[in-house]
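Written out below as structure tokens is the structure these notes cover.
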Amino acid sequence: MLVVMSQRATAEEVDAVVAAIEGKGYTARPIPGGERVAIGVLRNQGAVDASHFLGLPGVKEVIPVTRPYKLVSREFQPEDTVVRVGDISIGNGHLTLIAGPCAVESEAQCLKTAQMVKRAGAHIFRGGAFKPRTSPYSFQGLGEEGLKILDKVREATGMPVITEALDTETFSLVEDYTDVIQVGARNMQNFSLLRRAGRSKKPVLVKRGLSATIDEWLMAAEYILEGGNTQVMLCERGVRTFAHHSRNTLDLSAVAAVCKESHLPVIVDPSHAAGRRDQVIPLSRAGIAVGAHGLMVEVHHNPEEALSDGAQSLYPEQFETLCQEVRAIFDVFRPSHSEKQRGT
Ligand code: PEP
Ligand code: MN
């Protein structure tokens with residue numbers, strides 16, 4: 001439930017409503033809006049009796065929240081969340097391009113690729129230091145050495161970096177080095193990892209699980225917001241289907257659905273969806289056209305030599321083409337990438 005305060009409500013009246021909600025054993029979560037404050041009522045078992053709060057001074061109305069997820073929903077917050085990474089804004093009318101190799105392999109590889117993707121127009125550099133691999137015999141990433149390389153990339157290029165936190169044991173280490181923390185598809189329902197991400201001061205990108213429903217995906221993000229971290233992005237990276245022409249199936253309708261359901265920025269990862277480089281540019285165009293706020297794309301300066309996901313990694317020149325094309329598409333649809341047009 002959401003208790004909406006009137007525009008003229010004082011801070012004392014807001015505090016009194018918070019105290020009344022907590023007095024009933026619920027959790028109160030004030031959500032400052034542009035014009036007025038709303039207070040979310042969380043942790044209620046079953047329906048909450050609105051009459052407890054309706055008569056309190058400063059209360060304008062009480063709105064039931066019908067969705068299972070609360071904090072991530074547009075019912076709680078109609079305005080788009082803008083995630084800030086340094087001076088980069090993600091969401092609500094901004095186009096954000098994240099690019100880099102699947103895995104950090106060496107300093108030379110990362111620096112070379114980073115310089116190329118930056119020149120093409122990337123805003124954030126990606127690269128896994130701890131890799132979730134299907135086989136224990138595959139390259140597992142360089143670990144802390146990889147994080148140190150990402151530090152050097154930031155220093156050399158000025159680009160912030162995103163990398164995956166694979167488990168709670170290494171979370172703090174990753175958090176110290178990176179600008180954005182990635183929760184991988186396989187970890188989307190690792191609830192202790194999500195709770196740890198909720199306590200982080202760094203933005204988090206939550207990838208959709210391989211066969212997760214939209215409700216499950218949004219609930220995963222809800223864990224992080226509920227923990228106090230509101231700087232969260234969603235990433236659609238393809239789901240498992242019967243298709244053999246691609247590694248996964250990019251679920252474009254899910255992008256449209258979550259943009260409508262949630263105020264969080266949505267990023268499309270065409271690389272893990274496609275699994276093959278020839279589909280990456282077309283899927284990128286589609287992702288932006290359907291409403292995503294950005295893309296995360298695997299690029300390698302020499303994909304034939306990549307230690308992981310070489311087949312889906314773009315050549316730097318291809319990434320340049322991708323940037324030009326998606327920027328043009330974004331410009332055409334710019335008004336519908338901001339909150340005004342959502343939910344219609
Ligand atoms: C990745 O982005 O490096 C990755 C492993 O992706 P996913 O978790 O979507 O498989
Ligand atoms: Mn990869």
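Letters for chains follow the order of the structure tokens (A, B, ...), residue numbers begin at 1 for each chain, and ligand numbers begin at 1 in the order shown.
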Please, which residues have at least one atom within 12 Å of an atom of ligand 2, using only C-alpha atoms and all ligand atoms, listed as JSON, numbers by chain?
{"A": [99, 100, 101, 102, 103, 104, 126, 127, 128, 129, 130, 131, 132, 133, 134, 139, 140, 141, 163, 164, 184, 185, 237, 247, 269, 270, 271, 272, 273, 274, 275, 276, 296, 297, 298, 299, 300, 303, 306, 307, 308, 309, 310, 311, 312, 313, 314]}
Residues at most 12 Å from Asp167 in chain A, counting only C-alpha atoms, excluding those fewer than 6 positions away in the same chain, as an MDAnalysis selection string?
chainID A and resid 130:132 173:175 181:184 186:197
How about saving the chosen residues, N, CA and C atoms kept, as an mmCIF file, in the first residue's frame?
```cif
data_model
loop_
_atom_site.group_PDB
_atom_site.id
_atom_site.type_symbol
_atom_site.label_atom_id
_atom_site.label_comp_id
_atom_site.auth_asym_id
_atom_site.auth_seq_id
_atom_site.Cartn_x
_atom_site.Cartn_y
_atom_site.Cartn_z
ATOM 1 N N PHE A 130 35.781 -12.344 -12.474
ATOM 2 C CA PHE A 130 35.309 -13.630 -11.929
ATOM 3 C C PHE A 130 34.231 -14.114 -12.890
ATOM 4 N N LYS A 131 34.496 -15.209 -13.599
ATOM 5 C CA LYS A 131 33.576 -15.643 -14.651
ATOM 6 C C LYS A 131 32.725 -16.843 -14.214
ATOM 7 N N PRO A 132 31.413 -16.752 -14.413
ATOM 8 C CA PRO A 132 30.557 -17.918 -14.153
ATOM 9 C C PRO A 132 30.589 -18.828 -15.381
ATOM 10 N N LEU A 173 35.456 -7.333 -2.312
ATOM 11 C CA LEU A 173 36.647 -7.107 -3.135
ATOM 12 C C LEU A 173 36.240 -6.463 -4.474
ATOM 13 N N VAL A 174 35.244 -7.047 -5.112
ATOM 14 C CA VAL A 174 34.765 -6.528 -6.397
ATOM 15 C C VAL A 174 34.225 -5.108 -6.217
ATOM 16 N N GLU A 175 33.470 -4.929 -5.161
ATOM 17 C CA GLU A 175 32.857 -3.628 -4.867
ATOM 18 C C GLU A 175 33.908 -2.527 -4.715
ATOM 19 N N ILE A 181 28.309 -2.937 -10.207
ATOM 20 C CA ILE A 181 28.390 -4.367 -9.902
ATOM 21 C C ILE A 181 27.364 -5.116 -10.748
ATOM 22 N N GLN A 182 27.820 -6.178 -11.384
ATOM 23 C CA GLN A 182 26.912 -7.002 -12.179
ATOM 24 C C GLN A 182 26.520 -8.240 -11.384
ATOM 25 N N VAL A 183 25.205 -8.502 -11.342
ATOM 26 C CA VAL A 183 24.720 -9.789 -10.827
ATOM 27 C C VAL A 183 24.354 -10.593 -12.064
ATOM 28 N N GLY A 184 25.019 -11.713 -12.266
ATOM 29 C CA GLY A 184 24.882 -12.480 -13.501
ATOM 30 C C GLY A 184 23.580 -13.265 -13.563
ATOM 31 N N ARG A 186 22.975 -16.364 -13.917
ATOM 32 C CA ARG A 186 22.915 -17.579 -13.091
ATOM 33 C C ARG A 186 22.734 -17.276 -11.617
ATOM 34 N N ASN A 187 22.992 -16.050 -11.249
ATOM 35 C CA ASN A 187 22.885 -15.639 -9.838
ATOM 36 C C ASN A 187 21.644 -14.806 -9.551
ATOM 37 N N MET A 188 20.737 -14.720 -10.519
ATOM 38 C CA MET A 188 19.601 -13.800 -10.333
ATOM 39 C C MET A 188 18.770 -14.151 -9.110
ATOM 40 N N GLN A 189 18.762 -15.426 -8.740
ATOM 41 C CA GLN A 189 18.014 -15.799 -7.528
ATOM 42 C C GLN A 189 18.938 -16.280 -6.413
ATOM 43 N N ASN A 190 20.150 -15.757 -6.415
ATOM 44 C CA ASN A 190 21.064 -16.005 -5.289
ATOM 45 C C ASN A 190 20.738 -14.936 -4.243
ATOM 46 N N PHE A 191 19.863 -15.299 -3.321
ATOM 47 C CA PHE A 191 19.274 -14.277 -2.460
ATOM 48 C C PHE A 191 20.267 -13.655 -1.488
ATOM 49 N N SER A 192 21.266 -14.424 -1.066
ATOM 50 C CA SER A 192 22.248 -13.787 -0.178
ATOM 51 C C SER A 192 23.097 -12.787 -0.957
ATOM 52 N N LEU A 193 23.367 -13.091 -2.217
ATOM 53 C CA LEU A 193 24.107 -12.140 -3.063
ATOM 54 C C LEU A 193 23.267 -10.871 -3.297
ATOM 55 N N LEU A 194 21.988 -11.051 -3.535
ATOM 56 C CA LEU A 194 21.097 -9.900 -3.759
ATOM 57 C C LEU A 194 21.013 -9.034 -2.504
ATOM 58 N N ARG A 195 20.950 -9.676 -1.347
ATOM 59 C CA ARG A 195 20.898 -8.903 -0.096
ATOM 60 C C ARG A 195 22.195 -8.127 0.118
ATOM 61 N N ARG A 196 23.304 -8.765 -0.235
ATOM 62 C CA ARG A 196 24.597 -8.075 -0.110
ATOM 63 C C ARG A 196 24.630 -6.874 -1.071
ATOM 64 N N ALA A 197 24.108 -7.054 -2.258
ATOM 65 C CA ALA A 197 24.064 -5.956 -3.234
ATOM 66 C C ALA A 197 23.172 -4.827 -2.722
#
```
Counting only C-alpha atoms and all ligand atoms, which residue out of A:Pro30, A:Ile267, A:Pro64, A:Leu54 sits closest to ligand 1?
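Selected residue with least distance to ligand 1: A:Ile267.
In this model, the gap between CA of Ser73 in chain A and CA of His94 in chain A comes to 20.2 Å.
All residues of protein, DNA or RNA that reach within 8 Å of Glu79 in chain A, judged by only C-alpha atoms and not counting those fewer than 2 positions away in the chain, are A:Arg74, A:Gln77, A:Thr81, A:His263, A:Glu339.
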Pick from A:Lys60, A:Lys118, A:Arg43, A:Arg199, whichever lies nearest to Leu225 in chain A using only C-alpha atoms:
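Using only C-alpha atoms, the shortest distance to Leu225 in chain A belongs to A:Arg199.
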I need the residues in range 158-304 of chain A that are alpha helix (DSSP H) according to DSSP; give them as a ChimeraX atom specification.
/A:168-177,191-198,214-226,252-261,270-274,280-290
One-decimal distance in Å that lies between CA of Arg154 in chain A and CA of Ile88 in chain A:
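Between CA of Ile88 in chain A and CA of Arg154 in chain A the gap works out to 13.9 Å.
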So that I can see what lies close to Ser211 in chain A, please list as a list in words the residues with an atom at most 10 Å from it, counting only C-alpha atoms and leaving out residues fewer than 6 positions away in the same chain.
Ala185, Arg186, Trp217, Gly238, Val239, Arg240 and Thr241 of chain A
Excluding Gln7 in chain A and its own-chain neighbours fewer than 2 positions away, which residues fall within 12 Å of it when counting only C-alpha atoms? Please give them as a compact mmCIF listing (two decimals) with N, CA and C atoms, in the first residue's frame.
```
# COMPACT_ATOMS: atom_id res chain seq x y z
N VAL A 4 -0.16 8.45 0.19
CA VAL A 4 0.28 9.63 -0.55
C VAL A 4 -0.02 10.88 0.28
N MET A 5 1.01 11.66 0.54
CA MET A 5 0.84 12.87 1.34
C MET A 5 0.42 14.03 0.42
N ALA A 9 1.94 18.88 2.90
CA ALA A 9 2.24 18.15 4.14
C ALA A 9 3.61 18.55 4.69
N THR A 10 3.69 18.69 6.00
CA THR A 10 4.96 19.09 6.61
C THR A 10 5.81 17.85 6.91
N ALA A 11 7.09 18.09 7.20
CA ALA A 11 7.99 16.98 7.55
C ALA A 11 7.49 16.27 8.81
N GLU A 13 4.38 15.93 9.72
CA GLU A 13 3.23 15.08 9.37
C GLU A 13 3.69 13.79 8.70
N VAL A 14 4.74 13.91 7.88
CA VAL A 14 5.29 12.70 7.24
C VAL A 14 5.84 11.77 8.33
N PRO A 32 10.44 10.18 -1.75
CA PRO A 32 10.26 11.58 -2.14
C PRO A 32 9.94 11.68 -3.63
N GLY A 33 8.91 12.41 -3.98
CA GLY A 33 8.54 12.60 -5.39
C GLY A 33 8.84 14.04 -5.77
N GLY A 34 8.60 14.38 -7.04
CA GLY A 34 8.84 15.73 -7.49
C GLY A 34 7.99 16.74 -6.73
N GLU A 35 6.72 16.40 -6.52
CA GLU A 35 5.80 17.36 -5.93
C GLU A 35 5.33 17.00 -4.53
N ARG A 36 5.36 15.71 -4.23
CA ARG A 36 4.84 15.29 -2.92
C ARG A 36 5.53 14.00 -2.49
N VAL A 37 5.41 13.73 -1.20
CA VAL A 37 6.02 12.52 -0.64
C VAL A 37 4.97 11.42 -0.61
N ALA A 38 5.38 10.20 -0.95
CA ALA A 38 4.52 9.04 -0.74
C ALA A 38 5.25 8.12 0.23
N GLY A 58 -2.28 15.59 6.82
CA GLY A 58 -1.35 15.62 5.68
C GLY A 58 -1.55 14.49 4.69
N VAL A 59 -2.37 13.50 5.04
CA VAL A 59 -2.56 12.37 4.12
C VAL A 59 -3.60 12.74 3.06
N LYS A 60 -3.21 12.55 1.78
CA LYS A 60 -4.14 12.88 0.69
C LYS A 60 -4.97 11.67 0.29
N GLU A 61 -4.26 10.55 0.06
CA GLU A 61 -4.99 9.34 -0.32
C GLU A 61 -4.16 8.10 -0.02
```
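The residue set within 10 Å of Glu216 in chain A, counting only C-alpha atoms and dropping same-chain residues fewer than 4 places from it, reads A:Pro68, A:Tyr69, A:Met188, A:Gln189, A:Arg208, A:Gly209, A:Ser211, A:Ala212, A:Ala220, A:Ala221, A:Glu222.
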Could you dump the residues just selected with C-alpha atoms as a compact mmCIF listing (two decimals), in the first residue's frame?
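Resulting contents of out-v9.txt:
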```txt
# COMPACT_ATOMS: atom_id res chain seq x y z
CA PRO A 68 3.85 -8.57 -5.78
CA TYR A 69 6.91 -6.34 -6.15
CA MET A 188 19.60 -13.80 -10.33
CA GLN A 189 18.01 -15.80 -7.53
CA ARG A 208 17.60 -11.79 -16.08
CA GLY A 209 17.92 -15.49 -15.25
CA SER A 211 14.43 -18.96 -17.62
CA ALA A 212 13.18 -16.35 -15.19
CA ALA A 220 15.28 -10.08 -7.60
CA ALA A 221 15.67 -6.32 -8.10
CA GLU A 222 13.19 -5.78 -5.25
```
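CA of Ile98 in chain A is positioned 17.2 Å from CA of Ile149 in chain A.
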Extract, using only C-alpha atoms, all DNA, RNA and protein residues at most 9 Å from Gln231 in chain A, discarding same-chain residues fewer than 2 positions from it, and format them as a list in words.
Thr81, Val82, Val83, Arg84, Lys201, Lys202, Pro203, Val204, Leu205, Ile224, Leu225, Asn229, Met233 and Leu264 of chain A
Residues of range 154-277 of chain A in strand (DSSP E or B) according to DSSP, as a VMD selection string?
chain A and resid 161 to 164 180 to 183 204 to 207 232 to 236 239 249 262 266 to 268
When you count only C-alpha atoms, which of these residues is closest to Leu111 in chain A: A:Gly158, A:Gly143, A:Pro335, A:Gly86?
A:Gly158
In terms of the shortest atom-to-atom distance over only C-alpha atoms, which of A:Arg285, A:Lys260, A:Arg334, A:Arg119 is closest to Ile214 in chain A?
A:Lys260
